[in-house]
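Chemist: Starting off with a structure, shown below.
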Amino acid sequence: MDTLTTLRLHIATLEAQESQTAIHSLCHQLTHQLSELYVSQDLSLQQHLHDGLLQLLSEVDNHQSLDELKERLYRITSQLSELIFHCYDRTVTTVAQSVYSTLPKIAVA
């Protein structure tokens, strides 16, 4: 999430050369982290989203106008947020189900 937040902050200042360099580096970092997330989680249900994000991240280097690049990057970060939310939700659900135990029945007099 930290890398994703940093990327979003740099998108706003995309006109600056420092931001463009940082975005390039952050996209490569996100590609690596997305691959780790895929391995650590069962993302079979989100396979299409994972593959699409990897493709979009790899195409960020293609030359395009700054407005198109901003739009593409915002779309990527929104999809990444969605994927992270699903992974987090699944993890929390799994943990909650594993520690859940029914309450004992109380005899009412």
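Going by the structure tokens order, chains are called A, B, ..., each with residues numbered from 1, while ligands are numbered from 1 in the order shown.
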Counting only C-alpha atoms, what is within 9 Å of A:Ile76, bar same-chain residues fewer than 5 positions away, as a ChimeraX atom specification?

Modeler: /A:53,56-57,71,81

Chemist: Pull the alpha helix (DSSP H) assignments for chain A out of DSSP run on the backbone, and list those residues as a PyMOL selection string.

Modeler: chain A and resi 2-12+17-40+47-58+66-99

Chemist: Counting only C-alpha atoms, which of A:Gln97, A:Ser19, A:Leu103, A:Leu54 gets nearest to A:Thr77?

Modeler: A:Leu54

Chemist: So, with only C-alpha atoms as the atoms that count, which of A:Cys27, A:Ala16, A:Leu34, A:Ala107 lies closest to A:Glu59?

Modeler: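 The answer is A:Cys27, which sits nearest to A:Glu59.
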
Chemist: For A:Asp2, list every protein, DNA or RNA residue within 12 Å, evaluated using only C-alpha atoms, and leave out those in the same chain fewer than 5 positions away; present the list as a ChimeraX atom specification.

Modeler: /A:7-9,26,29-30,33,77,81,84

Chemist: Between A:Thr31, A:Leu14, A:Val108, A:Ala22, which one has atoms that come closest to A:Ser65, using only C-alpha atoms?

Modeler: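 Checking each of A:Thr31, A:Leu14, A:Val108, A:Ala22 against A:Ser65, counting only C-alpha atoms, the winner is A:Leu14.
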
Chemist: Which residue gives the smallest distance to A:His24 among A:Thr94, A:Gln64, A:Ser58, A:Thr5, with only C-alpha atoms counted?

Modeler: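 Closest to A:His24 of all the choices is A:Ser58.
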
Chemist: Ranking A:Lys70, A:His10, A:His28, A:Met1 by minimum distance to A:Leu83 and counting only C-alpha atoms, which one comes first?

Modeler: A:Met1

Chemist: For a quick check of understanding, using only C-alpha atoms, which of A:Gln55, A:Phe85, A:Thr93, A:Ser35 has the smallest distance to A:Arg72?

Modeler: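 Checking each of A:Gln55, A:Phe85, A:Thr93, A:Ser35 against A:Arg72, counting only C-alpha atoms, the winner is A:Gln55.
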